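Notes follow the structure.
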Amino acid sequence: METILETKDLVKRYRNVCAVNNVSLSIHKGDIFGFVGANGAGKTTFMRMVCGLIRPTSGSMNLFGESSEKGLQEKRKNMGALIEHPAVYTNMSALQNLDIQRRYLEMDFGSNPSKALIDLLELVGLADVKDRKAGKFSLGMRQRLGIAIALVGNPEFVILDEPTIGLDPIGVMELRELVLKLNHERGITILFSSHNLAEMAQIATRYGFLHKGKLLETVSAEEVGSICRSRGINLETYFVELLLKERELEKNGETVSK
């Protein structure tokens, strides 16, 4: 199984705070890897390190088989990301936003780049408003535009940090269908985080559970689903029980991390 991302003992410290604490995990080609954790668990910090937005304090990272700093920078061109909030120019149209990203990435879309960009907007459901200024978009539309911008470079690996936050149920459903479409039809490997565990349970193929910067467990959705069905619980209860177990072991100076 091809590995897209592998981290080994990845650490990020801010003075006396350890935001990411020795996280070792692997994300395989074709995964929809769901990052589960409360606010402050380290999800966004981990994603920012993978994207090269911040440097790790220690540990190593391998992306598409490359681990050197130069190699990582090169392979990040094969990634797209939506971290925290979409970075859009509100005074420009959706199409103009994509074109700026195309020019920044120096992407050659042939003699008719606008058609390729409109196709991307069609993919995320925004082709009908391609000429509308992004500042007039709803939150859900901005999220979809942010994903379209992340796709301009035709990436094999996409990182989505809380893409459903603040969305109404219809917006959440649309984002779910989009993530599944990107994975199933385009073969894009996806790392995403969400507070909506019920929604995550419908799309993730693997999970990583974080607590206070530590990776408590990585497990397949199939394994979690089997456990939850046999015990009559849901993903949220599974996670809460994992946290309670970790806290109990912390009192005894142990850990459940693996």
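The way I read the labels, and the way they are meant: chains A, B, ... in the order of the structure tokens, residue 1 as the first residue of every chain, and ligand 1 as the first ligand shown, with later ones counted on from there.
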
Exercise. Excluding segment 106-120 of chain A and residues on its chain fewer than 6 positions from it, collect all residues at most 12 Å away from it, counting only C-alpha atoms, and give them as a VMD selection string.
Key: chain A and resid 77 to 78 93 to 100 126 to 131 144 to 155 178 182

Convert the current residue selection to file output with N, CA, C and O atoms, as a compact mmCIF listing (two decimals), in the first residue's frame.
```txt
# COMPACT_ATOMS: atom_id res chain seq x y z
N LYS A 77 4.01 20.72 -3.82
CA LYS A 77 3.34 21.22 -5.02
C LYS A 77 2.24 20.27 -5.45
O LYS A 77 1.38 20.64 -6.24
N ASN A 78 2.31 19.04 -4.95
CA ASN A 78 1.32 18.02 -5.28
C ASN A 78 0.23 17.93 -4.21
O ASN A 78 -0.46 16.93 -4.12
N SER A 93 -14.15 37.99 -8.23
CA SER A 93 -15.11 36.91 -8.50
C SER A 93 -14.50 35.56 -8.18
O SER A 93 -13.27 35.42 -7.99
N ALA A 94 -15.35 34.55 -8.15
CA ALA A 94 -14.87 33.18 -7.92
C ALA A 94 -13.86 32.79 -8.99
O ALA A 94 -12.80 32.22 -8.69
N LEU A 95 -14.18 33.09 -10.24
CA LEU A 95 -13.28 32.74 -11.34
C LEU A 95 -11.94 33.48 -11.23
O LEU A 95 -10.88 32.89 -11.47
N GLN A 96 -12.00 34.74 -10.86
CA GLN A 96 -10.76 35.50 -10.70
C GLN A 96 -9.90 34.95 -9.56
O GLN A 96 -8.67 34.91 -9.66
N ASN A 97 -10.55 34.51 -8.49
CA ASN A 97 -9.80 33.90 -7.38
C ASN A 97 -9.05 32.67 -7.84
O ASN A 97 -7.88 32.46 -7.49
N LEU A 98 -9.69 31.84 -8.64
CA LEU A 98 -9.02 30.64 -9.15
C LEU A 98 -7.90 31.00 -10.11
O LEU A 98 -6.84 30.36 -10.12
N ASP A 99 -8.12 32.02 -10.91
CA ASP A 99 -7.09 32.40 -11.88
C ASP A 99 -5.84 32.94 -11.19
O ASP A 99 -4.72 32.69 -11.64
N ILE A 100 -6.04 33.66 -10.10
CA ILE A 100 -4.87 34.14 -9.34
C ILE A 100 -4.07 32.95 -8.81
O ILE A 100 -2.83 32.94 -8.87
N LEU A 126 -20.19 25.76 -8.03
CA LEU A 126 -20.19 27.23 -8.07
C LEU A 126 -20.12 27.80 -9.48
O LEU A 126 -19.92 29.01 -9.65
N ALA A 127 -20.28 26.98 -10.48
CA ALA A 127 -20.14 27.47 -11.86
C ALA A 127 -21.18 28.54 -12.18
O ALA A 127 -20.89 29.48 -12.93
N ASP A 128 -22.36 28.42 -11.59
CA ASP A 128 -23.43 29.38 -11.89
C ASP A 128 -23.16 30.77 -11.30
O ASP A 128 -23.81 31.74 -11.70
N VAL A 129 -22.23 30.84 -10.35
CA VAL A 129 -21.92 32.14 -9.73
C VAL A 129 -20.45 32.50 -9.95
O VAL A 129 -19.83 33.19 -9.15
N LYS A 130 -19.90 32.02 -11.04
CA LYS A 130 -18.46 32.21 -11.30
C LYS A 130 -18.06 33.67 -11.36
O LYS A 130 -16.91 34.03 -11.04
N ASP A 131 -19.00 34.56 -11.74
CA ASP A 131 -18.67 35.98 -11.89
C ASP A 131 -19.10 36.82 -10.68
O ASP A 131 -18.93 38.04 -10.68
N ARG A 144 -16.58 26.09 -0.24
CA ARG A 144 -16.45 25.36 -1.51
C ARG A 144 -15.46 26.06 -2.45
O ARG A 144 -14.70 25.40 -3.17
N LEU A 145 -15.46 27.39 -2.42
CA LEU A 145 -14.48 28.13 -3.24
C LEU A 145 -13.08 27.85 -2.73
O LEU A 145 -12.14 27.68 -3.52
N GLY A 146 -12.92 27.80 -1.41
CA GLY A 146 -11.61 27.47 -0.83
C GLY A 146 -11.13 26.10 -1.27
O GLY A 146 -9.93 25.91 -1.55
N ILE A 147 -12.04 25.15 -1.36
CA ILE A 147 -11.66 23.81 -1.82
C ILE A 147 -11.28 23.85 -3.30
O ILE A 147 -10.31 23.22 -3.73
N ALA A 148 -12.04 24.62 -4.10
CA ALA A 148 -11.71 24.75 -5.51
C ALA A 148 -10.31 25.34 -5.69
O ALA A 148 -9.53 24.89 -6.54
N ILE A 149 -9.98 26.35 -4.88
CA ILE A 149 -8.64 26.95 -4.94
C ILE A 149 -7.58 25.90 -4.59
O ILE A 149 -6.52 25.82 -5.22
N ALA A 150 -7.89 25.05 -3.60
CA ALA A 150 -6.95 23.99 -3.21
C ALA A 150 -6.76 22.97 -4.32
O ALA A 150 -5.73 22.26 -4.36
N LEU A 151 -7.71 22.89 -5.25
CA LEU A 151 -7.65 21.89 -6.32
C LEU A 151 -7.01 22.40 -7.60
O LEU A 151 -6.79 21.63 -8.54
N VAL A 152 -6.71 23.70 -7.66
CA VAL A 152 -6.18 24.30 -8.89
C VAL A 152 -4.91 23.59 -9.35
O VAL A 152 -4.69 23.39 -10.56
N GLY A 153 -4.07 23.18 -8.42
CA GLY A 153 -2.82 22.53 -8.78
C GLY A 153 -2.95 21.06 -9.12
O GLY A 153 -1.94 20.37 -9.27
N ASN A 154 -4.19 20.56 -9.25
CA ASN A 154 -4.44 19.15 -9.56
C ASN A 154 -3.73 18.23 -8.56
O ASN A 154 -2.98 17.32 -8.95
N PRO A 155 -3.96 18.42 -7.26
CA PRO A 155 -3.22 17.67 -6.24
C PRO A 155 -3.69 16.23 -6.11
O PRO A 155 -4.83 15.89 -6.42
N LEU A 178 -19.07 16.35 -1.67
CA LEU A 178 -17.91 16.82 -2.42
C LEU A 178 -16.66 16.05 -2.05
O LEU A 178 -15.89 15.62 -2.91
N LEU A 182 -14.43 13.79 -4.60
CA LEU A 182 -12.99 13.99 -4.84
C LEU A 182 -12.22 12.69 -4.62
O LEU A 182 -11.29 12.37 -5.38
```

Quiz prompt | Contacts of Lys8 of chain A within 8 Å, only C-alpha atoms, excl. fewer than 3 positions in-chain, as a PyMOL selection string | solution = chain A and resi 22-25+59-61

Quiz item: Residues at most 10 Å from Asn183 of chain A, counting only C-alpha atoms, excluding those fewer than 3 positions away in the same chain, as a list of chain:residue names?
Solution: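 The neighbour list is A:Gly30, A:Asp31, A:Ile32, A:Glu156, A:Phe157, A:Val158, A:Glu177, A:Leu178, A:Val179, A:Leu180, A:Arg186, A:Gly187, A:Ile188, A:Thr189, A:Ile190, A:Ile203.
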
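Every protein or nucleic acid residue with an atom no more than 8 Å from Leu82 of chain A, counting only C-alpha atoms and leaving out same-chain residues fewer than 2 positions away, appears here: Gly80, Glu84, His85, Pro86, Gly146, Ile147, Ala150, Ile159, Leu160, Asp161 and Pro163 of chain A.
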
Those same residues, written as an mmCIF file, in the first residue's frame with N, CA and C atoms?
```cif
data_model
loop_
_atom_site.group_PDB
_atom_site.id
_atom_site.type_symbol
_atom_site.label_atom_id
_atom_site.label_comp_id
_atom_site.auth_asym_id
_atom_site.auth_seq_id
_atom_site.Cartn_x
_atom_site.Cartn_y
_atom_site.Cartn_z
ATOM 1 N N GLY A 80 -2.929 20.171 -1.950
ATOM 2 C CA GLY A 80 -3.812 21.318 -1.831
ATOM 3 C C GLY A 80 -4.290 21.372 -0.398
ATOM 4 N N GLU A 84 -8.053 26.236 8.317
ATOM 5 C CA GLU A 84 -8.872 27.186 9.069
ATOM 6 C C GLU A 84 -9.884 27.876 8.149
ATOM 7 N N HIS A 85 -9.609 29.089 7.660
ATOM 8 C CA HIS A 85 -10.588 29.814 6.852
ATOM 9 C C HIS A 85 -10.100 29.942 5.414
ATOM 10 N N PRO A 86 -11.010 29.910 4.428
ATOM 11 C CA PRO A 86 -10.605 30.054 3.023
ATOM 12 C C PRO A 86 -9.906 31.393 2.784
ATOM 13 N N GLY A 146 -12.918 27.795 -1.407
ATOM 14 C CA GLY A 146 -11.610 27.473 -0.833
ATOM 15 C C GLY A 146 -11.126 26.101 -1.272
ATOM 16 N N ILE A 147 -12.037 25.146 -1.355
ATOM 17 C CA ILE A 147 -11.663 23.811 -1.818
ATOM 18 C C ILE A 147 -11.284 23.851 -3.297
ATOM 19 N N ALA A 150 -7.892 25.047 -3.598
ATOM 20 C CA ALA A 150 -6.949 23.990 -3.211
ATOM 21 C C ALA A 150 -6.757 22.969 -4.323
ATOM 22 N N ILE A 159 -5.645 18.558 2.157
ATOM 23 C CA ILE A 159 -5.855 18.707 3.592
ATOM 24 C C ILE A 159 -6.986 19.710 3.819
ATOM 25 N N LEU A 160 -7.988 19.298 4.585
ATOM 26 C CA LEU A 160 -9.146 20.143 4.877
ATOM 27 C C LEU A 160 -9.308 20.254 6.388
ATOM 28 N N ASP A 161 -9.103 21.449 6.902
ATOM 29 C CA ASP A 161 -9.177 21.689 8.342
ATOM 30 C C ASP A 161 -10.543 22.266 8.694
ATOM 31 N N PRO A 163 -13.657 21.777 7.485
ATOM 32 C CA PRO A 163 -14.356 22.370 6.339
ATOM 33 C C PRO A 163 -15.848 22.575 6.558
#
```

Quiz prompt | Surrounding residues of segment 45-55 of chain A excluding itself and chain neighbours under 4 positions, 7 Å, only C-alpha atoms, as number ranges by chain | solution = A: 19-20, 76

Exercise. Go ahead and compute the interatomic distance for atom CA of Leu216 of chain A and atom CA of Thr164 of chain A, in Å to one decimal.
Key: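 Straight-line distance from atom CA of Leu216 of chain A to atom CA of Thr164 of chain A works out to 23.7 Å.
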
Practice problem: Could you check which of A:Arg206, A:Lys181, A:Lys70, A:Arg132 is closest to Gly34 of chain A, using only C-alpha atoms? | Solution: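 Selected residue with least distance to Gly34 of chain A: A:Arg206.
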
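In this model, the gap between atom CA of Ser193 of chain A and atom CA of Ala41 of chain A comes to 11.1 Å.
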
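Atom pair atom CA of Met200 of chain A / atom CA of Phe35 of chain A has a distance of 9.1 Å (rounded to one decimal).
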